[in-house]
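S.K.: This structure is in structure tokens; I'll ask about it shortly.
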Amino acid sequence: MTDVVIAGIGQTRVGEFWDISLRSLAVRAILAAIKDSGGLRPQALYAGNMLAANLSRQAHLGTLLADFSGLVGIEAETLEAAGASGAAALRQGYLAVASGLVDVALVVGVEKYTDVIGPEIEAALATTTDSDFEAIHGLTPTSQAALLMRRYQHEFDLPPNGLAEFVLTAHANGAGNPNAMYRKPLSREAYQKAEMVSEPLTLFDIAPNADGAAALILTRPNLLPKDFAHPLVRIAASASVSDTLGLHNRPEPLWFAAAQASVEQALKKAGLSREQIDLFEYYDAYSIYAALSLEAAGFAARGQGWKLAAEGAIGLQGKIPCATMGGLKARGNPGGATGVYQAVEATLQLRGQAGPNQIPKARCALIQALGGPAATAVTHVLTVAS
Amino acid sequence: MEIPRHWRLKQQRYSLVGEICPHCQVKIFPPRDVCPNCGGEANTPYTFSGRGEVYSYTTIYEAPAGFEDKAPYTVALVKLDEGPLVTAQLTDLGDTPVEIGMPVEMVTRRLRQDGDERGMLIYGYKFRPAMN
Ligand SMILES: [Zn+2]
């Protein structure tokens, strides 16, 4: 397969931006990414978005964003795969450039939550579950995660507050990320006192839904300007796997089979072993998902993912650093933009531009975004190009 | 208002009608045209007994639009005696503490009100502690 490199990255801060529209958030990230690439002009735009048609009454987003970025005339489409929308857009960009049909692809992820309030957001998010057989019973993605956490407590020896380290690590890392929503470390006491949202899931087990946009410019190395300004980051593998949409249709709800398969495929395509991975940007929309993702990815045995965190293995100095720029928990979870944020952050790590959160000599990053409880799992491997 | 959508589902919603695969005999809920077990065509109706046990459960305090008047409410994954898991609310709990493994049985209750206060009422299955 032809080499595909990340030539430009751009991101907005993640937060609640009542004064910034869906389109201007996206355009800010797009212009930043084009500038970062040294001014490469995209031939195609792939937008990752989950809920704009619902929350902002805006479908047909790809074309809108090309239009408002001064790119009228290029190919433009939107990809939707719930929380994996941004990663699906990245994969689309990768396929387009790798095939040779597109020379320069722009991938943008954007989500705008603050156009509506609480119950409307919950209802919109519930449309990503099986509408006729899950959402109709009042189930939401958050309560789905709570069902999994309760069952995990039942099947495995998870002590009280046994998932704390996922949250504390994320917040510690968010402190070093200027684009994170939460930039303060969280104390163990505060975590333990958090209010209950959906038993046994507390407020601090849940990544905050927030506004944000991130963008990438992809191309082939021979098309880069001679004086390209950054260390080169390559997309070494891309894999996307689906599972049953309804959680109730899985033989083993606590096993994220699609997450497992997509990691397996991605590592195989990249020709890498788990031991060669320097950082893992997992999808910690809920602390229990971080544990299940570590298990699915093969970094921990079943039921042991929480122990890896409790032992300090996921910190910046740990054996397998995770959520290195704060993860979804502290950077914030801008829905369909999340997968693109993960790629931007991993690129910063591989370029050596991650500031106080830099993983020394990082050469291989594994990034994974999930739609629902791994009903879709999109995994990429990024490496420093030699 | 989405009357046709809910009307289409009334069999499943009122009577827990799924399917039994004519090829591998696996019992399927919700019904679908392709057996998830063997990949064969499946369209033989099968009415579940409505009995099962709690596989997992949670209480929802921040309800989505359309369910706010019911909050807080308890949602569960129920393992039916015939095998499949279903997502449903638990009801008629009174002071009964819910726990994993608790036997439950199906009842028909109002699921939600569609749209505004004049909107249509949607009924369907919930589960209550088994009476025996
Ligand atoms: Zn079958």
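Identifiers for the structure tokens are assigned positionally: chains receive A, B, ... in sequence, residues are indexed from 1 per chain, and ligands are indexed from 1 in the order shown.
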Give me, as a PyMOL selection string, the set of residues whose atoms come within 10 Å of any atom of ligand 1, counting only C-alpha atoms and all ligand atoms.
M.R.: chain B and resi 20-28+34-42
S.K.: Report the closest atom pair, with its distance in Å rounded to one decimal, for each residue of stretch 31-128 of chain A that has an atom no farther than 10 Å from stretch 236-260 of chain A; count only C-alpha atoms, sort by chain and then rising residue number, and write it as CSV.
M.R.:
residue,atom,partner,partner_atom,distance
A:Ala81,CA,A:Ser242,CA,9.9
A:Ala84,CA,A:Ser240,CA,9.5
A:Ala87,CA,A:Ser240,CA,8.9
A:Ala88,CA,A:Ser240,CA,7.7
A:Leu90,CA,A:Ser238,CA,8.8
A:Arg91,CA,A:Ser238,CA,6.3
A:Gln92,CA,A:Ser238,CA,9.7
A:Tyr94,CA,A:Ser238,CA,7.8
A:Leu95,CA,A:Ser238,CA,8.7
A:Thr128,CA,A:Leu245,CA,8.7
S.K.: If we count only C-alpha atoms and set the cut-off at 10 Å, which residues sit around A:Tyr46, ignoring sequence neighbours fewer than 3 positions away in its own chain? Please answer as an mmCIF file with all heavy atoms, in the first residue's frame.
M.R.:
data_model
loop_
_atom_site.group_PDB
_atom_site.id
_atom_site.type_symbol
_atom_site.label_atom_id
_atom_site.label_comp_id
_atom_site.auth_asym_id
_atom_site.auth_seq_id
_atom_site.Cartn_x
_atom_site.Cartn_y
_atom_site.Cartn_z
ATOM 1 N N ASN A 49 -19.011 13.639 11.683
ATOM 2 C CA ASN A 49 -19.976 14.315 12.556
ATOM 3 C C ASN A 49 -21.063 13.326 12.935
ATOM 4 O O ASN A 49 -21.457 12.489 12.137
ATOM 5 C CB ASN A 49 -20.577 15.541 11.854
ATOM 6 C CG ASN A 49 -21.672 16.181 12.692
ATOM 7 O OD1 ASN A 49 -22.847 15.864 12.540
ATOM 8 N ND2 ASN A 49 -21.289 17.054 13.608
ATOM 9 N N LEU A 61 -23.299 18.298 5.693
ATOM 10 C CA LEU A 61 -22.257 19.090 6.351
ATOM 11 C C LEU A 61 -20.972 19.195 5.535
ATOM 12 O O LEU A 61 -20.335 20.254 5.506
ATOM 13 C CB LEU A 61 -21.956 18.443 7.710
ATOM 14 C CG LEU A 61 -21.168 19.252 8.716
ATOM 15 C CD1 LEU A 61 -21.883 20.564 9.044
ATOM 16 C CD2 LEU A 61 -20.947 18.435 9.979
ATOM 17 N N GLY A 62 -20.587 18.109 4.863
ATOM 18 C CA GLY A 62 -19.339 18.129 4.099
ATOM 19 C C GLY A 62 -19.295 19.295 3.130
ATOM 20 O O GLY A 62 -18.321 20.070 3.094
ATOM 21 N N THR A 63 -20.363 19.442 2.365
ATOM 22 C CA THR A 63 -20.411 20.513 1.367
ATOM 23 C C THR A 63 -20.445 21.889 2.029
ATOM 24 O O THR A 63 -19.770 22.823 1.584
ATOM 25 C CB THR A 63 -21.624 20.298 0.444
ATOM 26 O OG1 THR A 63 -21.384 19.123 -0.332
ATOM 27 C CG2 THR A 63 -21.845 21.479 -0.479
ATOM 28 N N LEU A 65 -19.064 22.737 4.805
ATOM 29 C CA LEU A 65 -17.739 23.064 5.332
ATOM 30 C C LEU A 65 -16.740 23.374 4.221
ATOM 31 O O LEU A 65 -15.896 24.264 4.363
ATOM 32 C CB LEU A 65 -17.226 21.933 6.229
ATOM 33 C CG LEU A 65 -18.098 21.635 7.459
ATOM 34 C CD1 LEU A 65 -17.463 20.551 8.309
ATOM 35 C CD2 LEU A 65 -18.351 22.892 8.291
ATOM 36 N N ALA A 66 -16.846 22.661 3.097
ATOM 37 C CA ALA A 66 -15.983 22.993 1.952
ATOM 38 C C ALA A 66 -16.298 24.414 1.493
ATOM 39 O O ALA A 66 -15.399 25.241 1.283
ATOM 40 C CB ALA A 66 -16.203 21.997 0.821
ATOM 41 N N GLU A 75 -14.418 17.636 -3.878
ATOM 42 C CA GLU A 75 -15.284 16.568 -3.362
ATOM 43 C C GLU A 75 -15.512 16.809 -1.876
ATOM 44 O O GLU A 75 -14.577 17.181 -1.161
ATOM 45 C CB GLU A 75 -14.577 15.224 -3.570
ATOM 46 C CG GLU A 75 -15.244 14.067 -2.858
ATOM 47 C CD GLU A 75 -14.408 12.769 -2.918
ATOM 48 O OE1 GLU A 75 -13.433 12.711 -3.696
ATOM 49 O OE2 GLU A 75 -14.759 11.848 -2.171
ATOM 50 N N ALA A 76 -16.747 16.607 -1.388
ATOM 51 C CA ALA A 76 -17.012 16.807 0.040
ATOM 52 C C ALA A 76 -18.152 15.915 0.501
ATOM 53 O O ALA A 76 -19.231 15.930 -0.096
ATOM 54 C CB ALA A 76 -17.353 18.266 0.317
ATOM 55 N N GLU A 77 -17.909 15.125 1.532
ATOM 56 C CA GLU A 77 -18.937 14.237 2.082
ATOM 57 C C GLU A 77 -18.816 14.132 3.589
ATOM 58 O O GLU A 77 -17.784 14.465 4.150
ATOM 59 C CB GLU A 77 -18.807 12.817 1.490
ATOM 60 C CG GLU A 77 -19.211 12.708 0.038
ATOM 61 C CD GLU A 77 -18.039 12.374 -0.872
ATOM 62 O OE1 GLU A 77 -17.024 11.874 -0.371
ATOM 63 O OE2 GLU A 77 -18.140 12.633 -2.086
ATOM 64 N N THR A 78 -19.903 13.628 4.210
ATOM 65 C CA THR A 78 -19.911 13.434 5.662
ATOM 66 C C THR A 78 -19.940 11.950 5.990
ATOM 67 O O THR A 78 -20.628 11.183 5.314
ATOM 68 C CB THR A 78 -21.158 14.105 6.282
ATOM 69 O OG1 THR A 78 -21.227 15.445 5.816
ATOM 70 C CG2 THR A 78 -21.076 14.109 7.808
ATOM 71 N N LEU A 79 -19.187 11.567 7.015
ATOM 72 C CA LEU A 79 -19.196 10.194 7.514
ATOM 73 C C LEU A 79 -19.825 10.178 8.890
ATOM 74 O O LEU A 79 -19.515 11.042 9.720
ATOM 75 C CB LEU A 79 -17.759 9.662 7.643
ATOM 76 C CG LEU A 79 -16.974 9.206 6.405
ATOM 77 C CD1 LEU A 79 -17.525 7.875 5.916
ATOM 78 C CD2 LEU A 79 -16.928 10.227 5.309
ATOM 79 N N GLY A 86 -15.466 10.598 13.479
ATOM 80 C CA GLY A 86 -14.215 11.269 13.100
ATOM 81 C C GLY A 86 -13.179 10.279 12.617
ATOM 82 O O GLY A 86 -12.456 10.525 11.644
ATOM 83 N N ALA A 88 -13.862 7.407 11.306
ATOM 84 C CA ALA A 88 -14.339 6.902 10.014
ATOM 85 C C ALA A 88 -13.970 7.886 8.897
ATOM 86 O O ALA A 88 -13.611 7.476 7.791
ATOM 87 C CB ALA A 88 -15.847 6.682 10.055
ATOM 88 N N ALA A 89 -14.039 9.184 9.204
ATOM 89 C CA ALA A 89 -13.644 10.193 8.211
ATOM 90 C C ALA A 89 -12.143 10.101 7.935
ATOM 91 O O ALA A 89 -11.701 10.219 6.788
ATOM 92 C CB ALA A 89 -14.020 11.589 8.705
ATOM 93 N N LEU A 90 -11.370 9.868 8.997
ATOM 94 C CA LEU A 90 -9.921 9.693 8.819
ATOM 95 C C LEU A 90 -9.641 8.486 7.924
ATOM 96 O O LEU A 90 -8.823 8.541 7.007
ATOM 97 C CB LEU A 90 -9.248 9.516 10.195
ATOM 98 C CG LEU A 90 -7.802 9.024 10.186
ATOM 99 C CD1 LEU A 90 -6.905 9.939 9.359
ATOM 100 C CD2 LEU A 90 -7.268 8.923 11.627
ATOM 101 N N ARG A 91 -10.362 7.406 8.179
ATOM 102 C CA ARG A 91 -10.164 6.207 7.361
ATOM 103 C C ARG A 91 -10.519 6.487 5.904
ATOM 104 O O ARG A 91 -9.831 6.060 4.982
ATOM 105 C CB ARG A 91 -11.012 5.051 7.912
ATOM 106 C CG ARG A 91 -10.942 3.806 7.071
ATOM 107 C CD ARG A 91 -11.526 2.603 7.783
ATOM 108 N NE ARG A 91 -11.761 1.508 6.864
ATOM 109 C CZ ARG A 91 -10.808 0.682 6.408
ATOM 110 N NH1 ARG A 91 -9.569 0.833 6.807
ATOM 111 N NH2 ARG A 91 -11.101 -0.270 5.559
ATOM 112 N N GLN A 92 -11.603 7.221 5.678
ATOM 113 C CA GLN A 92 -12.007 7.571 4.318
ATOM 114 C C GLN A 92 -10.907 8.385 3.628
ATOM 115 O O GLN A 92 -10.576 8.143 2.467
ATOM 116 C CB GLN A 92 -13.307 8.368 4.363
ATOM 117 C CG GLN A 92 -14.008 8.484 3.041
ATOM 118 C CD GLN A 92 -14.453 7.139 2.493
ATOM 119 O OE1 GLN A 92 -14.813 6.242 3.258
ATOM 120 N NE2 GLN A 92 -14.405 6.992 1.193
ATOM 121 N N GLY A 93 -10.350 9.341 4.357
ATOM 122 C CA GLY A 93 -9.260 10.147 3.802
ATOM 123 C C GLY A 93 -8.052 9.288 3.480
ATOM 124 O O GLY A 93 -7.405 9.442 2.432
ATOM 125 N N ALA A 96 -8.700 7.215 0.378
ATOM 126 C CA ALA A 96 -8.687 8.048 -0.839
ATOM 127 C C ALA A 96 -7.254 8.357 -1.279
ATOM 128 O O ALA A 96 -6.916 8.265 -2.459
ATOM 129 C CB ALA A 96 -9.464 9.335 -0.583
ATOM 130 N N ALA A 105 -6.041 15.033 0.944
ATOM 131 C CA ALA A 105 -7.371 14.931 1.556
ATOM 132 C C ALA A 105 -7.415 15.730 2.844
ATOM 133 O O ALA A 105 -6.455 15.750 3.609
ATOM 134 C CB ALA A 105 -7.714 13.475 1.837
ATOM 135 N N LEU A 106 -8.546 16.389 3.052
ATOM 136 C CA LEU A 106 -8.802 17.114 4.295
ATOM 137 C C LEU A 106 -9.811 16.302 5.098
ATOM 138 O O LEU A 106 -10.883 15.965 4.600
ATOM 139 C CB LEU A 106 -9.362 18.501 3.965
ATOM 140 C CG LEU A 106 -10.051 19.288 5.074
ATOM 141 C CD1 LEU A 106 -9.108 19.582 6.226
ATOM 142 C CD2 LEU A 106 -10.594 20.598 4.513
ATOM 143 N N VAL A 107 -9.438 15.986 6.326
ATOM 144 C CA VAL A 107 -10.341 15.270 7.234
ATOM 145 C C VAL A 107 -10.694 16.229 8.356
ATOM 146 O O VAL A 107 -9.802 16.804 8.979
ATOM 147 C CB VAL A 107 -9.652 14.016 7.817
ATOM 148 C CG1 VAL A 107 -10.534 13.355 8.872
ATOM 149 C CG2 VAL A 107 -9.285 13.038 6.709
ATOM 150 N N VAL A 108 -11.978 16.418 8.591
ATOM 151 C CA VAL A 108 -12.367 17.317 9.684
ATOM 152 C C VAL A 108 -13.443 16.641 10.522
ATOM 153 O O VAL A 108 -14.361 16.021 9.992
ATOM 154 C CB VAL A 108 -12.838 18.703 9.151
ATOM 155 C CG1 VAL A 108 -13.997 18.562 8.170
ATOM 156 C CG2 VAL A 108 -13.225 19.625 10.305
ATOM 157 N N GLY A 109 -13.268 16.724 11.825
ATOM 158 C CA GLY A 109 -14.302 16.230 12.740
ATOM 159 C C GLY A 109 -14.851 17.413 13.496
ATOM 160 O O GLY A 109 -14.094 18.297 13.920
ATOM 161 N N ALA A 215 -8.842 18.882 12.651
ATOM 162 C CA ALA A 215 -8.681 18.605 11.221
ATOM 163 C C ALA A 215 -7.290 18.069 10.920
ATOM 164 O O ALA A 215 -6.331 18.304 11.665
ATOM 165 C CB ALA A 215 -8.949 19.870 10.409
ATOM 166 N N LEU A 216 -7.202 17.335 9.808
ATOM 167 C CA LEU A 216 -5.944 16.737 9.355
ATOM 168 C C LEU A 216 -5.815 16.937 7.852
ATOM 169 O O LEU A 216 -6.808 16.889 7.134
ATOM 170 C CB LEU A 216 -5.960 15.222 9.600
ATOM 171 C CG LEU A 216 -6.162 14.710 11.020
ATOM 172 C CD1 LEU A 216 -6.615 13.254 10.973
ATOM 173 C CD2 LEU A 216 -4.870 14.851 11.805
#
S.K.: Determine, for each residue of chain B having at least one atom at most 6 Å from an atom of chain A, the closest pair of atoms and their separation in Å to one decimal, counting only C-alpha atoms; order by chain and ascending number, as JSON lines.
M.R.:
{"residue": "B:Ser56", "atom": "CA", "partner": "A:Leu147", "partner_atom": "CA", "distance": 5.5}
{"residue": "B:Tyr57", "atom": "CA", "partner": "A:Leu147", "partner_atom": "CA", "distance": 5.4}
{"residue": "B:Thr58", "atom": "CA", "partner": "A:Glu199", "partner_atom": "CA", "distance": 5.3}
{"residue": "B:Thr59", "atom": "CA", "partner": "A:Ser198", "partner_atom": "CA", "distance": 5.3}
{"residue": "B:Ile60", "atom": "CA", "partner": "A:Ser198", "partner_atom": "CA", "distance": 5.0}
{"residue": "B:Pro64", "atom": "CA", "partner": "A:Pro119", "partner_atom": "CA", "distance": 4.4}
{"residue": "B:Ala65", "atom": "CA", "partner": "A:Pro119", "partner_atom": "CA", "distance": 4.7}
{"residue": "B:Leu85", "atom": "CA", "partner": "A:His248", "partner_atom": "CA", "distance": 5.0}
{"residue": "B:Val86", "atom": "CA", "partner": "A:His248", "partner_atom": "CA", "distance": 5.5}
{"residue": "B:Thr87", "atom": "CA", "partner": "A:Glu134", "partner_atom": "CA", "distance": 5.9}
{"residue": "B:Ala88", "atom": "CA", "partner": "A:His137", "partner_atom": "CA", "distance": 5.6}
S.K.: Take the residues that were just selected and, keeping C-alpha atoms, output them as a compact mmCIF listing (two decimals), in the first residue's frame.
M.R.:
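Dumped everything to out.txt:
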# COMPACT_ATOMS: atom_id res chain seq x y z
CA SER B 56 -27.67 -6.01 34.63
CA TYR B 57 -29.56 -2.84 35.61
CA THR B 58 -29.17 0.86 36.25
CA THR B 59 -31.26 3.80 37.33
CA ILE B 60 -31.51 6.81 35.05
CA PRO B 64 -33.82 11.94 27.51
CA ALA B 65 -36.62 14.10 26.12
CA LEU B 85 -31.07 -10.63 26.19
CA VAL B 86 -33.55 -7.77 25.86
CA THR B 87 -33.35 -4.15 26.95
CA ALA B 88 -36.37 -3.04 28.97
S.K.: Which residue out of B:Tyr14, B:Lys79, B:Glu68, B:Pro30 has the minimum interatomic distance to B:Tyr55 when only C-alpha atoms are used?
M.R.: B:Lys79
S.K.: Using the chain letters and numbers from this document, which residues of stretch 59-100 of chain B does DSSP assign to strand (DSSP E or B), as a list in words?
M.R.: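 Of stretch 59-100 of chain B, only Thr59, Ile60, Tyr73, Thr74, Val75, Ala76, Leu77, Val78, Lys79, Leu80, Leu85, Val86, Thr87, Ala88, Gln89 and Leu90 of chain B fall in strand (DSSP E or B).
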S.K.: Please dump the current selection as a short mmCIF file (atom, residue, chain, number, x, y, z; two decimals), in the first residue's frame; keep all heavy atoms.
M.R.:
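Full text of result.cif as output:
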data_model
loop_
_atom_site.label_atom_id
_atom_site.label_comp_id
_atom_site.auth_asym_id
_atom_site.auth_seq_id
_atom_site.Cartn_x
_atom_site.Cartn_y
_atom_site.Cartn_z
N THR B 59 -30.21 2.81 37.18
CA THR B 59 -31.26 3.80 37.33
C THR B 59 -30.85 5.07 36.59
O THR B 59 -29.72 5.52 36.70
CB THR B 59 -31.50 4.11 38.82
OG1 THR B 59 -31.83 2.89 39.46
CG2 THR B 59 -32.64 5.10 39.00
N ILE B 60 -31.79 5.62 35.84
CA ILE B 60 -31.51 6.81 35.05
C ILE B 60 -32.15 8.03 35.72
O ILE B 60 -33.36 8.04 35.95
CB ILE B 60 -32.04 6.63 33.62
CG1 ILE B 60 -31.27 5.50 32.95
CG2 ILE B 60 -31.94 7.93 32.81
CD1 ILE B 60 -31.77 5.11 31.58
N TYR B 73 -35.94 6.25 36.54
CA TYR B 73 -36.48 4.93 36.20
C TYR B 73 -35.33 3.94 36.04
O TYR B 73 -34.18 4.33 35.88
CB TYR B 73 -37.34 4.99 34.93
CG TYR B 73 -36.66 5.57 33.71
CD1 TYR B 73 -35.94 4.76 32.84
CD2 TYR B 73 -36.77 6.94 33.41
CE1 TYR B 73 -35.33 5.31 31.71
CE2 TYR B 73 -36.16 7.48 32.30
CZ TYR B 73 -35.45 6.66 31.44
OH TYR B 73 -34.84 7.20 30.34
N THR B 74 -35.68 2.66 36.13
CA THR B 74 -34.65 1.61 36.10
C THR B 74 -34.73 0.85 34.78
O THR B 74 -35.80 0.40 34.39
CB THR B 74 -34.85 0.64 37.29
OG1 THR B 74 -34.75 1.41 38.49
CG2 THR B 74 -33.79 -0.45 37.30
N VAL B 75 -33.59 0.78 34.10
CA VAL B 75 -33.49 0.03 32.85
C VAL B 75 -32.62 -1.20 33.10
O VAL B 75 -31.68 -1.14 33.88
CB VAL B 75 -32.86 0.89 31.73
CG1 VAL B 75 -32.59 0.06 30.49
CG2 VAL B 75 -33.80 2.03 31.37
N ALA B 76 -32.97 -2.29 32.44
CA ALA B 76 -32.21 -3.53 32.65
C ALA B 76 -31.93 -4.23 31.34
O ALA B 76 -32.61 -4.00 30.33
CB ALA B 76 -32.99 -4.47 33.56
N LEU B 77 -30.91 -5.05 31.36
CA LEU B 77 -30.76 -6.10 30.36
C LEU B 77 -31.36 -7.33 31.02
O LEU B 77 -30.94 -7.72 32.12
CB LEU B 77 -29.28 -6.34 30.04
CG LEU B 77 -28.58 -5.28 29.20
CD1 LEU B 77 -27.08 -5.54 29.15
CD2 LEU B 77 -29.15 -5.24 27.78
N VAL B 78 -32.39 -7.90 30.39
CA VAL B 78 -33.05 -9.08 30.94
C VAL B 78 -32.67 -10.29 30.09
O VAL B 78 -32.78 -10.24 28.86
CB VAL B 78 -34.59 -8.90 30.94
CG1 VAL B 78 -35.29 -10.20 31.32
CG2 VAL B 78 -34.98 -7.77 31.89
N LYS B 79 -32.20 -11.34 30.76
CA LYS B 79 -31.89 -12.58 30.04
C LYS B 79 -33.14 -13.44 30.05
O LYS B 79 -33.58 -13.93 31.10
CB LYS B 79 -30.73 -13.31 30.71
CG LYS B 79 -30.29 -14.53 29.93
CD LYS B 79 -28.80 -14.80 30.13
CE LYS B 79 -28.31 -15.97 29.28
NZ LYS B 79 -28.41 -15.76 27.83
N LEU B 80 -33.75 -13.59 28.87
CA LEU B 80 -34.98 -14.39 28.76
C LEU B 80 -34.66 -15.87 28.97
O LEU B 80 -33.56 -16.33 28.66
CB LEU B 80 -35.61 -14.19 27.37
CG LEU B 80 -36.03 -12.75 27.04
CD1 LEU B 80 -36.49 -12.66 25.58
CD2 LEU B 80 -37.13 -12.28 27.98
N LEU B 85 -30.97 -11.79 25.29
CA LEU B 85 -31.07 -10.63 26.19
C LEU B 85 -32.00 -9.62 25.55
O LEU B 85 -32.01 -9.47 24.33
CB LEU B 85 -29.69 -9.97 26.34
CG LEU B 85 -28.63 -10.61 27.25
CD1 LEU B 85 -27.32 -9.82 27.09
CD2 LEU B 85 -29.07 -10.59 28.70
N VAL B 86 -32.79 -8.92 26.37
CA VAL B 86 -33.55 -7.77 25.86
C VAL B 86 -33.31 -6.58 26.77
O VAL B 86 -33.04 -6.74 27.97
CB VAL B 86 -35.08 -8.02 25.77
CG1 VAL B 86 -35.40 -9.03 24.71
CG2 VAL B 86 -35.65 -8.43 27.11
N THR B 87 -33.42 -5.40 26.20
CA THR B 87 -33.35 -4.15 26.95
C THR B 87 -34.78 -3.76 27.30
O THR B 87 -35.64 -3.73 26.43
CB THR B 87 -32.73 -3.05 26.08
OG1 THR B 87 -31.42 -3.46 25.68
CG2 THR B 87 -32.63 -1.74 26.84
N ALA B 88 -35.02 -3.46 28.57
CA ALA B 88 -36.37 -3.04 28.97
C ALA B 88 -36.32 -2.35 30.32
O ALA B 88 -35.35 -2.51 31.08
CB ALA B 88 -37.30 -4.24 29.05
N GLN B 89 -37.36 -1.59 30.62
CA GLN B 89 -37.45 -1.00 31.95
C GLN B 89 -37.98 -2.03 32.94
O GLN B 89 -38.75 -2.92 32.58
CB GLN B 89 -38.39 0.21 31.93
CG GLN B 89 -37.76 1.45 31.32
CD GLN B 89 -38.65 2.67 31.43
OE1 GLN B 89 -39.45 2.80 32.36
NE2 GLN B 89 -38.51 3.57 30.47
N LEU B 90 -37.58 -1.86 34.19
CA LEU B 90 -38.17 -2.64 35.28
C LEU B 90 -39.27 -1.78 35.88
O LEU B 90 -39.15 -0.56 35.97
CB LEU B 90 -37.11 -2.98 36.33
CG LEU B 90 -35.94 -3.85 35.84
CD1 LEU B 90 -35.01 -4.19 36.99
CD2 LEU B 90 -36.43 -5.12 35.16
#
S.K.: Would you please extract all alpha helix (DSSP H) residues from stretch 125-327 of chain A, as assigned by DSSP on the backbone, and give them as a VMD selection string?
M.R.: chain A and resid 125 to 126 141 to 155 164 to 174 188 to 192 257 to 270 287 to 296 305 to 310 327
S.K.: Would you pick out the contacts of A:Leu366 at 12 Å or less, using only C-alpha atoms, so that residues sharing its chain but fewer than 6 positions from it are not included, and give the list as a PyMOL selection string?
M.R.: chain A and resi 235-239+262-267+270+272-283+293-294+297+299+320-324+339+342-343+345-347+349-350+378-383
S.K.: For a test of reading the model, state the distance in Å between atom CA of A:Tyr286 and atom CA of A:Lys269, rounded to one decimal.
M.R.: 28.6 Å
S.K.: How many Å lie between atom CA of A:Arg302 and atom CA of A:Lys329, rounded to one decimal?
M.R.: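 Separation of atom CA of A:Arg302 and atom CA of A:Lys329: 22.7 Å.
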S.K.: Can you measure atom CA of A:Gly326 to atom CA of A:Phe204 for me? One decimal in Å is fine.
M.R.: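 If I compute the distance from atom CA of A:Gly326 to atom CA of A:Phe204, I get 13.4 Å.
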S.K.: Excluding B:Arg110 and its own-chain neighbours fewer than 6 positions away, which residues fall within 10 Å of it when counting only C-alpha atoms? Please give them as a compact mmCIF listing (two decimals) with all heavy atoms, in the first residue's frame.
M.R.:
# COMPACT_ATOMS: atom_id res chain seq x y z
N HIS A 137 -36.96 2.32 25.16
CA HIS A 137 -37.11 1.95 26.57
C HIS A 137 -36.45 2.98 27.50
O HIS A 137 -36.28 2.72 28.68
CB HIS A 137 -36.52 0.55 26.81
CG HIS A 137 -37.24 -0.50 26.03
ND1 HIS A 137 -38.52 -0.92 26.35
CD2 HIS A 137 -36.90 -1.19 24.90
CE1 HIS A 137 -38.92 -1.83 25.46
NE2 HIS A 137 -37.95 -2.00 24.58
N LEU B 121 -49.56 7.84 22.90
CA LEU B 121 -48.96 7.03 23.96
C LEU B 121 -48.43 5.75 23.33
O LEU B 121 -49.11 5.13 22.52
CB LEU B 121 -50.00 6.71 25.02
CG LEU B 121 -50.64 7.93 25.70
CD1 LEU B 121 -51.75 7.47 26.64
CD2 LEU B 121 -49.60 8.74 26.45
N ILE B 122 -47.23 5.39 23.71
CA ILE B 122 -46.65 4.17 23.16
C ILE B 122 -46.55 3.14 24.27
O ILE B 122 -45.96 3.39 25.32
CB ILE B 122 -45.25 4.45 22.58
CG1 ILE B 122 -45.38 5.48 21.44
CG2 ILE B 122 -44.60 3.18 22.07
CD1 ILE B 122 -44.07 6.08 21.03
N TYR B 123 -47.16 1.98 24.04
CA TYR B 123 -47.14 0.91 25.03
C TYR B 123 -46.18 -0.19 24.59
O TYR B 123 -45.90 -0.34 23.40
CB TYR B 123 -48.55 0.32 25.21
CG TYR B 123 -49.47 1.26 25.95
CD1 TYR B 123 -50.18 2.25 25.26
CD2 TYR B 123 -49.60 1.19 27.33
CE1 TYR B 123 -51.00 3.14 25.93
CE2 TYR B 123 -50.42 2.07 28.02
CZ TYR B 123 -51.12 3.04 27.31
OH TYR B 123 -51.93 3.91 27.99
N GLY B 124 -45.71 -0.95 25.54
CA GLY B 124 -44.82 -2.06 25.20
C GLY B 124 -44.40 -2.81 26.44
O GLY B 124 -44.91 -2.56 27.54
N TYR B 125 -43.45 -3.73 26.26
CA TYR B 125 -43.05 -4.60 27.37
C TYR B 125 -42.14 -3.89 28.37
O TYR B 125 -41.30 -3.09 28.02
CB TYR B 125 -42.36 -5.86 26.85
CG TYR B 125 -41.22 -5.61 25.88
CD1 TYR B 125 -39.94 -5.33 26.33
CD2 TYR B 125 -41.43 -5.65 24.50
CE1 TYR B 125 -38.89 -5.10 25.44
CE2 TYR B 125 -40.40 -5.42 23.60
CZ TYR B 125 -39.12 -5.15 24.09
OH TYR B 125 -38.11 -4.90 23.21
N LYS B 126 -42.41 -4.19 29.64
CA LYS B 126 -41.49 -3.91 30.73
C LYS B 126 -41.42 -5.20 31.53
O LYS B 126 -42.15 -6.15 31.23
CB LYS B 126 -41.99 -2.76 31.60
CG LYS B 126 -42.01 -1.40 30.88
CD LYS B 126 -42.31 -0.26 31.84
CE LYS B 126 -42.41 1.05 31.06
NZ LYS B 126 -42.64 2.20 31.95
